[in-house]
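Here's run.pdb, which has PDB, C-alpha atoms, pLDDT in the B column:
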ATOM      1  CA  MET A   3     -83.048 -27.713 -89.361  1.00 37.00           C
ATOM      2  CA  GLY A   4     -84.773 -24.927 -87.390  1.00 41.00           C
ATOM      3  CA  ARG A   5     -85.163 -25.037 -83.641  1.00 37.00           C
ATOM      4  CA  SER A   6     -88.843 -25.213 -82.659  1.00 35.00           C
ATOM      5  CA  LEU A   7     -89.399 -22.850 -79.761  1.00 36.00           C
ATOM      6  CA  ASN A   8     -90.940 -19.562 -78.782  1.00 41.00           C
ATOM      7  CA  PRO A   9     -88.043 -17.115 -79.072  1.00 40.00           C
ATOM      8  CA  LEU A  10     -90.189 -14.051 -78.451  1.00 42.00           C
ATOM      9  CA  SER A  11     -91.562 -14.953 -75.032  1.00 42.00           C
ATOM     10  CA  SER A  12     -89.070 -12.716 -73.233  1.00 40.00           C
ATOM     11  CA  LEU A  13     -90.588  -9.569 -74.713  1.00 39.00           C
ATOM     12  CA  SER A  14     -92.892  -9.122 -71.722  1.00 39.00           C
ATOM     13  CA  LEU A  15     -90.039  -7.184 -70.122  1.00 40.00           C
ATOM     14  CA  TRP A  16     -90.285  -4.505 -72.813  1.00 40.00           C
ATOM     15  CA  ARG A  17     -94.052  -4.271 -72.367  1.00 42.00           C
ATOM     16  CA  ARG A  18     -93.672  -3.327 -68.713  1.00 42.00           C
ATOM     17  CA  ASP A  19     -91.856  -0.187 -69.828  1.00 50.00           C
ATOM     18  CA  ASP A  20     -94.288   2.618 -70.687  1.00 54.00           C
ATOM     19  CA  THR A  21     -92.346   4.481 -73.382  1.00 84.00           C
ATOM     20  CA  SER A  22     -93.837   5.013 -76.830  1.00 88.00           C
ATOM     21  CA  ALA A  23     -91.182   2.912 -78.552  1.00 89.00           C
ATOM     22  CA  THR A  24     -91.772   0.090 -76.106  1.00 89.00           C
ATOM     23  CA  LYS A  25     -95.504   0.125 -76.797  1.00 91.00           C
ATOM     24  CA  LEU A  26     -94.834   0.023 -80.546  1.00 94.00           C
ATOM     25  CA  TYR A  27     -92.334  -2.795 -80.143  1.00 92.00           C
ATOM     26  CA  GLY A  28     -94.746  -4.722 -77.956  1.00 91.00           C
ATOM     27  CA  ALA A  29     -97.378  -4.430 -80.713  1.00 93.00           C
ATOM     28  CA  ILE A  30     -94.860  -5.652 -83.306  1.00 93.00           C
ATOM     29  CA  VAL A  31     -93.951  -8.677 -81.196  1.00 91.00           C
ATOM     30  CA  ALA A  32     -97.567  -9.518 -80.376  1.00 92.00           C
ATOM     31  CA  GLN A  33     -98.502  -9.450 -84.055  1.00 94.00           C
ATOM     32  CA  ALA A  34     -95.493 -11.527 -85.082  1.00 92.00           C
ATOM     33  CA  ARG A  35     -96.480 -14.195 -82.558  1.00 91.00           C
ATOM     34  CA  LEU A  36    -100.056 -14.703 -83.826  1.00 94.00           C
ATOM     35  CA  PRO A  37    -100.624 -18.439 -84.510  1.00 93.00           C
ATOM     36  CA  VAL A  38    -102.284 -17.772 -87.876  1.00 93.00           C
ATOM     37  CA  PHE A  39     -98.913 -17.092 -89.510  1.00 94.00           C
ATOM     38  CA  TYR A  40     -97.570 -20.487 -88.481  1.00 92.00           C
ATOM     39  CA  GLN A  41    -100.811 -22.426 -88.915  1.00 92.00           C
ATOM     40  CA  GLY A  42    -102.240 -20.766 -92.015  1.00 91.00           C
ATOM     41  CA  PHE A  43     -99.582 -18.772 -93.856  1.00 92.00           C
ATOM     42  CA  GLY A  44     -96.989 -21.528 -94.114  1.00 91.00           C
ATOM     43  CA  VAL A  45     -94.344 -19.948 -91.886  1.00 93.00           C
ATOM     44  CA  PRO A  46     -92.421 -22.582 -89.888  1.00 90.00           C
ATOM     45  CA  ASP A  47     -92.830 -22.260 -86.124  1.00 89.00           C
ATOM     46  CA  THR A  48     -89.082 -22.124 -85.529  1.00 83.00           C
ATOM     47  CA  LEU A  49     -86.582 -19.533 -84.401  1.00 79.00           C
ATOM     48  CA  GLU A  50     -85.967 -18.659 -88.055  1.00 81.00           C
ATOM     49  CA  GLY A  51     -89.662 -18.420 -88.866  1.00 86.00           C
ATOM     50  CA  ARG A  52     -90.433 -16.172 -85.932  1.00 85.00           C
ATOM     51  CA  PHE A  53     -87.385 -14.039 -86.705  1.00 85.00           C
ATOM     52  CA  LEU A  54     -88.803 -13.576 -90.210  1.00 88.00           C
ATOM     53  CA  MET A  55     -92.235 -12.535 -88.947  1.00 91.00           C
ATOM     54  CA  LEU A  56     -90.683 -10.129 -86.468  1.00 90.00           C
ATOM     55  CA  SER A  57     -88.581  -8.610 -89.251  1.00 90.00           C
ATOM     56  CA  LEU A  58     -91.622  -8.200 -91.536  1.00 94.00           C
ATOM     57  CA  HIS A  59     -93.604  -6.276 -88.925  1.00 95.00           C
ATOM     58  CA  LEU A  60     -90.584  -4.267 -87.858  1.00 94.00           C
ATOM     59  CA  PHE A  61     -90.022  -3.348 -91.501  1.00 95.00           C
ATOM     60  CA  ALA A  62     -93.614  -2.176 -91.958  1.00 96.00           C
ATOM     61  CA  THR A  63     -93.331   0.024 -88.862  1.00 96.00           C
ATOM     62  CA  LEU A  64     -89.956   1.489 -89.840  1.00 94.00           C
ATOM     63  CA  HIS A  65     -91.274   2.115 -93.356  1.00 94.00           C
ATOM     64  CA  ARG A  66     -94.134   4.127 -91.852  1.00 95.00           C
ATOM     65  CA  LEU A  67     -91.792   6.120 -89.620  1.00 93.00           C
ATOM     66  CA  LYS A  68     -89.524   6.781 -92.588  1.00 90.00           C
ATOM     67  CA  ALA A  69     -92.480   8.458 -94.310  1.00 89.00           C
ATOM     68  CA  GLU A  70     -92.283  11.193 -91.660  1.00 85.00           C
ATOM     69  CA  GLY A  71     -88.860  12.218 -92.979  1.00 66.00           C
ATOM     70  CA  PRO A  72     -88.438  15.600 -94.647  1.00 58.00           C
ATOM     71  CA  LYS A  73     -89.325  16.145 -98.286  1.00 51.00           C
ATOM     72  CA  PRO A  74     -87.179  18.455-100.473  1.00 47.00           C
ATOM     73  CA  GLY A  75     -87.804  22.040 -99.376  1.00 49.00           C
ATOM     74  CA  GLU A  76     -90.450  20.917 -96.897  1.00 51.00           C
ATOM     75  CA  PRO A  77     -88.971  19.631 -93.619  1.00 52.00           C
ATOM     76  CA  LYS A  78     -91.444  17.943 -91.295  1.00 57.00           C
ATOM     77  CA  PRO A  79     -91.480  18.820 -87.602  1.00 57.00           C
ATOM     78  CA  GLY A  80     -92.098  15.173 -86.722  1.00 54.00           C
ATOM     79  CA  GLU A  81     -88.982  13.886 -88.458  1.00 59.00           C
ATOM     80  CA  PRO A  82     -86.558  13.894 -85.490  1.00 62.00           C
ATOM     81  CA  LYS A  83     -89.159  12.124 -83.345  1.00 84.00           C
ATOM     82  CA  ALA A  84     -89.735   9.561 -86.088  1.00 87.00           C
ATOM     83  CA  LEU A  85     -86.020   8.876 -86.425  1.00 86.00           C
ATOM     84  CA  ASP A  86     -85.681   8.538 -82.653  1.00 87.00           C
ATOM     85  CA  LEU A  87     -88.543   6.045 -82.558  1.00 89.00           C
ATOM     86  CA  ALA A  88     -87.084   4.066 -85.454  1.00 90.00           C
ATOM     87  CA  GLN A  89     -83.658   3.864 -83.808  1.00 88.00           C
ATOM     88  CA  ASP A  90     -85.173   2.831 -80.489  1.00 89.00           C
ATOM     89  CA  LEU A  91     -87.101   0.028 -82.198  1.00 91.00           C
ATOM     90  CA  ILE A  92     -83.927  -1.201 -83.885  1.00 86.00           C
ATOM     91  CA  ASP A  93     -82.053  -1.081 -80.575  1.00 84.00           C
ATOM     92  CA  ARG A  94     -84.786  -3.087 -78.856  1.00 85.00           C
ATOM     93  CA  PHE A  95     -84.731  -5.634 -81.626  1.00 81.00           C
ATOM     94  CA  GLY A  96     -80.985  -6.118 -81.109  1.00 74.00           C
ATOM     95  CA  ALA A  97     -81.396  -6.408 -77.349  1.00 75.00           C
ATOM     96  CA  ASP A  98     -84.104  -9.015 -77.771  1.00 75.00           C
ATOM     97  CA  MET A  99     -81.947 -11.087 -80.064  1.00 67.00           C
ATOM     98  CA  GLU A 100     -79.293 -11.142 -77.332  1.00 63.00           C
ATOM     99  CA  THR A 101     -81.914 -12.300 -74.815  1.00 64.00           C
ATOM    100  CA  VAL A 102     -83.092 -15.048 -77.142  1.00 62.00           C
ATOM    101  CA  LEU A 103     -79.546 -16.296 -77.675  1.00 58.00           C
ATOM    102  CA  ARG A 104     -79.017 -16.513 -73.934  1.00 59.00           C
ATOM    103  CA  GLU A 105     -82.282 -18.411 -73.515  1.00 59.00           C
ATOM    104  CA  ILE A 106     -81.343 -21.045 -76.077  1.00 52.00           C
ATOM    105  CA  GLY A 107     -77.984 -21.604 -74.428  1.00 53.00           C
ATOM    106  CA  VAL A 108     -75.487 -19.631 -76.493  1.00 49.00           C
ATOM    107  CA  GLY A 109     -72.384 -18.955 -74.383  1.00 51.00           C
ATOM    108  CA  ASP A 110     -71.665 -15.433 -73.145  1.00 57.00           C
ATOM    109  CA  LEU A 111     -68.373 -15.195 -75.031  1.00 51.00           C
ATOM    110  CA  SER A 112     -69.995 -15.938 -78.387  1.00 53.00           C
ATOM    111  CA  ILE A 113     -73.118 -13.800 -77.910  1.00 46.00           C
ATOM    112  CA  PRO A 114     -71.649 -10.509 -79.231  1.00 51.00           C
ATOM    113  CA  LYS A 115     -70.592 -12.229 -82.453  1.00 51.00           C
ATOM    114  CA  LYS A 116     -73.977 -13.943 -82.799  1.00 49.00           C
ATOM    115  CA  VAL A 117     -75.829 -10.677 -82.159  1.00 48.00           C
ATOM    116  CA  ARG A 118     -73.734  -8.900 -84.793  1.00 53.00           C
ATOM    117  CA  GLY A 119     -74.595 -11.688 -87.213  1.00 52.00           C
ATOM    118  CA  LEU A 120     -78.309 -11.408 -86.454  1.00 53.00           C
ATOM    119  CA  ALA A 121     -78.139  -7.617 -86.735  1.00 52.00           C
ATOM    120  CA  ALA A 122     -76.482  -7.893 -90.137  1.00 54.00           C
ATOM    121  CA  SER A 123     -79.038 -10.471 -91.232  1.00 64.00           C
ATOM    122  CA  GLY A 124     -81.886  -8.289 -90.006  1.00 65.00           C
ATOM    123  CA  ALA A 125     -80.518  -5.192 -91.728  1.00 74.00           C
ATOM    124  CA  SER A 126     -80.136  -7.146 -94.959  1.00 79.00           C
ATOM    125  CA  LEU A 127     -83.727  -8.382 -94.730  1.00 81.00           C
ATOM    126  CA  LEU A 128     -85.093  -4.890 -94.061  1.00 87.00           C
ATOM    127  CA  GLN A 129     -83.167  -3.511 -97.031  1.00 88.00           C
ATOM    128  CA  SER A 130     -84.347  -6.316 -99.311  1.00 90.00           C
ATOM    129  CA  TYR A 131     -87.981  -5.683 -98.291  1.00 92.00           C
ATOM    130  CA  GLU A 132     -87.599  -1.953 -98.937  1.00 93.00           C
ATOM    131  CA  GLU A 133     -86.187  -2.499-102.405  1.00 94.00           C
ATOM    132  CA  ALA A 134     -88.690  -5.226-103.258  1.00 95.00           C
ATOM    133  CA  LEU A 135     -91.669  -3.175-102.074  1.00 95.00           C
ATOM    134  CA  ALA A 136     -90.664  -0.436-104.506  1.00 95.00           C
ATOM    135  CA  GLU A 137     -90.318  -2.953-107.347  1.00 95.00           C
ATOM    136  CA  GLY A 138     -93.748  -4.529-106.995  1.00 94.00           C
ATOM    137  CA  ASP A 139     -95.681  -7.585-105.875  1.00 94.00           C
ATOM    138  CA  GLU A 140     -93.558 -10.253-107.532  1.00 95.00           C
ATOM    139  CA  ALA A 141     -90.303  -8.847-106.202  1.00 96.00           C
ATOM    140  CA  LEU A 142     -91.697  -8.600-102.673  1.00 96.00           C
ATOM    141  CA  ALA A 143     -93.016 -12.164-102.773  1.00 95.00           C
ATOM    142  CA  ALA A 144     -89.658 -13.375-104.073  1.00 94.00           C
ATOM    143  CA  ALA A 145     -87.744 -11.543-101.336  1.00 94.00           C
ATOM    144  CA  ILE A 146     -89.896 -13.097 -98.615  1.00 93.00           C
ATOM    145  CA  ALA A 147     -89.734 -16.543-100.226  1.00 92.00           C
ATOM    146  CA  HIS A 148     -85.946 -16.301-100.361  1.00 88.00           C
ATOM    147  CA  ALA A 149     -85.861 -15.477 -96.644  1.00 88.00           C
ATOM    148  CA  LEU A 150     -88.156 -18.412 -95.835  1.00 87.00           C
ATOM    149  CA  GLN A 151     -86.116 -21.001 -97.765  1.00 80.00           C
ATOM    150  CA  LEU A 152     -88.702 -23.764 -97.442  1.00 84.00           C
ATOM    151  CA  GLU A 153     -88.584 -27.030 -99.367  1.00 77.00           C
ATOM    152  CA  ASP A 154     -90.752 -28.366-102.207  1.00 67.00           C
ATOM    153  CA  GLY A 155     -91.815 -24.982-103.529  1.00 77.00           C
ATOM    154  CA  ALA A 156     -93.618 -24.039-100.311  1.00 86.00           C
ATOM    155  CA  SER A 157     -91.612 -20.814-100.077  1.00 88.00           C
ATOM    156  CA  GLY A 158     -93.250 -19.408-103.198  1.00 91.00           C
ATOM    157  CA  ALA A 159     -96.801 -19.891-101.962  1.00 91.00           C
ATOM    158  CA  ALA A 160     -96.009 -18.578 -98.484  1.00 93.00           C
ATOM    159  CA  GLY A 161     -94.064 -15.670 -99.956  1.00 93.00           C
ATOM    160  CA  ARG A 162     -97.023 -14.591-102.095  1.00 94.00           C
ATOM    161  CA  ARG A 163     -99.443 -14.711 -99.175  1.00 94.00           C
ATOM    162  CA  LEU A 164     -97.092 -12.840 -96.891  1.00 95.00           C
ATOM    163  CA  ALA A 165     -96.311 -10.232 -99.561  1.00 95.00           C
ATOM    164  CA  HIS A 166    -100.028  -9.556-100.003  1.00 94.00           C
ATOM    165  CA  TYR A 167    -100.421  -9.298 -96.246  1.00 95.00           C
ATOM    166  CA  LEU A 168     -97.354  -7.060 -95.845  1.00 96.00           C
ATOM    167  CA  LYS A 169     -98.550  -4.617 -98.497  1.00 95.00           C
ATOM    168  CA  GLY A 170    -101.856  -4.389 -96.652  1.00 94.00           C
ATOM    169  CA  VAL A 171    -100.034  -3.715 -93.390  1.00 96.00           C
ATOM    170  CA  VAL A 172     -97.919  -1.003 -95.005  1.00 96.00           C
ATOM    171  CA  ASP A 173    -101.058   0.684 -96.357  1.00 95.00           C
ATOM    172  CA  LEU A 174    -102.848   0.360 -93.029  1.00 95.00           C
ATOM    173  CA  LEU A 175     -99.959   1.901 -91.089  1.00 96.00           C
ATOM    174  CA  GLN A 176     -99.600   4.663 -93.663  1.00 94.00           C
ATOM    175  CA  ALA A 177    -103.169   5.704 -92.916  1.00 94.00           C
ATOM    176  CA  GLN A 178    -102.506   5.909 -89.179  1.00 94.00           C
ATOM    177  CA  ASP A 179    -101.763   9.306 -87.706  1.00 92.00           C
ATOM    178  CA  PHE A 180     -98.172   9.915 -86.677  1.00 92.00           C
ATOM    179  CA  ALA A 181     -99.279  11.590 -83.480  1.00 91.00           C
ATOM    180  CA  ALA A 182    -100.877   8.310 -82.430  1.00 92.00           C
ATOM    181  CA  LEU A 183     -97.793   6.339 -83.455  1.00 92.00           C
ATOM    182  CA  SER A 184     -95.524   8.687 -81.532  1.00 90.00           C
ATOM    183  CA  ALA A 185     -97.693   8.020 -78.472  1.00 90.00           C
ATOM    184  CA  GLY A 186     -97.160   4.286 -78.932  1.00 91.00           C
ATOM    185  CA  GLU A 187    -100.558   3.543 -80.472  1.00 93.00           C
ATOM    186  CA  MET A 188    -100.501   1.295 -83.536  1.00 94.00           C
ATOM    187  CA  ARG A 189    -103.024  -1.078 -85.051  1.00 93.00           C
ATOM    188  CA  PHE A 190    -102.152  -4.120 -87.147  1.00 93.00           C
ATOM    189  CA  PRO A 191    -104.666  -6.317 -89.010  1.00 88.00           C
ATOM    190  CA  GLY A 192    -106.177  -8.726 -86.521  1.00 74.00           C
ATOM    191  CA  ALA A 193    -105.600  -6.356 -83.613  1.00 53.00           C
ATOM    192  CA  ILE A 194    -109.303  -6.351 -82.715  1.00 50.00           C
ATOM    193  CA  PRO A 195    -111.267  -9.299 -81.273  1.00 48.00           C
ATOM    194  CA  GLY A 196    -112.604 -11.745 -83.849  1.00 50.00           C
ATOM    195  CA  GLU A 197    -110.421 -10.499 -86.684  1.00 54.00           C
ATOM    196  CA  GLU A 198    -107.606 -12.586 -88.164  1.00 60.00           C
ATOM    197  CA  PRO A 199    -104.667 -11.061 -90.069  1.00 66.00           C
ATOM    198  CA  GLY A 200    -105.797 -12.863 -93.206  1.00 54.00           C
ATOM    199  CA  ASP A 201    -109.345 -11.521 -93.125  1.00 53.00           C
ATOM    200  CA  ASP A 202    -108.528  -8.355 -95.030  1.00 49.00           C
ATOM    201  CA  PHE A 203    -105.442  -9.493 -96.918  1.00 45.00           C
ATOM    202  CA  ALA A 204    -105.969 -13.187 -97.727  1.00 43.00           C
TER     203      ALA A 204
END
Please lay out the structure from this file as structure tokens.
Amino acid sequence: MGRSLNPLSSLSLWRRDDTSATKLYGAIVAQARLPVFYQGFGVPDTLEGRFLMLSLHLFATLHRLKAEGPKPGEPKPGEPKALDLAQDLIDRFGADMETVLREIGVGDLSIPKKVRGLAASGASLLQSYEEALAEGDEALAAAIAHALQLEDGASGAAGRRLAHYLKGVVDLLQAQDFAALSAGEMRFPGAIPGEEPGDDFA
């Protein structure tokens, strides 16, 4: 049974840093913490549920940065910067998982092993989302539902809603200029007053 808590509260430390990657990561965390996902999308408000939402928004951001990679015969000048940003986001994610483990009382000696396990789990999720996104709506919904692992068929319904939302996020980020992203400026659905994440992608 999942532990009900707010495992992302410690991220305020990252937000006090003024680097571009920190601003992007702060936006990812803020979006993942929005109550609508836990009150309206069917995601459990547990460590596992919040880990899932963080991984979904991290994936969408990394997917956008990956698009700045070089095409055959046409290298992009922004590619090294994009790769640096992506790696920094991944590093921050790992550091945050260590902080969360300490906050919930995991002993210092077991933290490295736990962090490696979370890192492997996160990498597996990101890879499954990437493959499923390329395969289509049903595959993406199934991948998210599998990660949720809810009872009584609730995973399927939540997976479909989240897949629809995630595809909208991917499209929205794709339309955002890389220069803005590299400066730490990123907009998710619901990032303006009065707008909920489900308004555009319900």
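Take the candidates A:Gly186, A:Gly96, A:Met55, A:Thr63 and check each one against Ala165 (chain A) using only C-alpha atoms; the shortest distance goes to A:Met55.
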Skip Gln129 (chain A) itself and residues of its chain fewer than 4 positions away, then list as a list in words all residues within 12 Å of it, counting all atoms listed in the file.
Ser57, Leu58, Leu60, Phe61, Ala62, Leu64, His65, Ala122, Ser123, Gly124, Ala125, Glu133, Ala134, Leu135, Ala136, Leu142, Ala145 and Ile146 of chain A
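Atom pair CA of Arg162 (chain A) / CA of Leu183 (chain A): separated by 28.0 Å.
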What separation in Å, quoted to one decimal, exists between CA of Ala160 (chain A) and CA of Arg66 (chain A)?
23.7 Å
Could you name the residues that touch His59 (chain A) at 10 Å or less, counting all atoms listed in the file, but leaving out those on the same chain fewer than 4 positions away, as an NGL selection string?
:A and (27 or 29-34 or 54-55 or 63-65 or 168 or 171-172 or 190)
Phe39 (chain A): which residues within 10 Å, counting all atoms listed in the file, same-chain residues fewer than 5 positions away excluded, as an mmCIF file with C-alpha atoms, in the frame of the given file?
data_model
loop_
_atom_site.group_PDB
_atom_site.id
_atom_site.type_symbol
_atom_site.label_atom_id
_atom_site.label_comp_id
_atom_site.auth_asym_id
_atom_site.auth_seq_id
_atom_site.Cartn_x
_atom_site.Cartn_y
_atom_site.Cartn_z
ATOM 1 C CA GLN A 33 -98.502 -9.450 -84.055
ATOM 2 C CA ALA A 34 -95.493 -11.527 -85.082
ATOM 3 C CA GLY A 44 -96.989 -21.528 -94.114
ATOM 4 C CA VAL A 45 -94.344 -19.948 -91.886
ATOM 5 C CA PRO A 46 -92.421 -22.582 -89.888
ATOM 6 C CA ASP A 47 -92.830 -22.260 -86.124
ATOM 7 C CA GLY A 51 -89.662 -18.420 -88.866
ATOM 8 C CA ARG A 52 -90.433 -16.172 -85.932
ATOM 9 C CA MET A 55 -92.235 -12.535 -88.947
ATOM 10 C CA ALA A 160 -96.009 -18.578 -98.484
ATOM 11 C CA ARG A 163 -99.443 -14.711 -99.175
ATOM 12 C CA LEU A 164 -97.092 -12.840 -96.891
ATOM 13 C CA GLU A 198 -107.606 -12.586 -88.164
ATOM 14 C CA PRO A 199 -104.667 -11.061 -90.069
ATOM 15 C CA GLY A 200 -105.797 -12.863 -93.206
#
Evaluate the PyMOL selection byres ((chain A and resi 90) around 12) on the structure here and hand back the selected residues as a PyMOL selection string.
chain A and resi 16+21-27+60+64+67+83-89+91-97+184
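When CA of Leu175 (chain A) is paired with CA of Leu152 (chain A), their separation reads 28.7 Å.
The smallest atom-to-atom distance between Leu174 (chain A) and any of A:Gly161, A:Pro191, A:Lys68, A:Ala141, using all atoms listed in the file, is found for A:Pro191.
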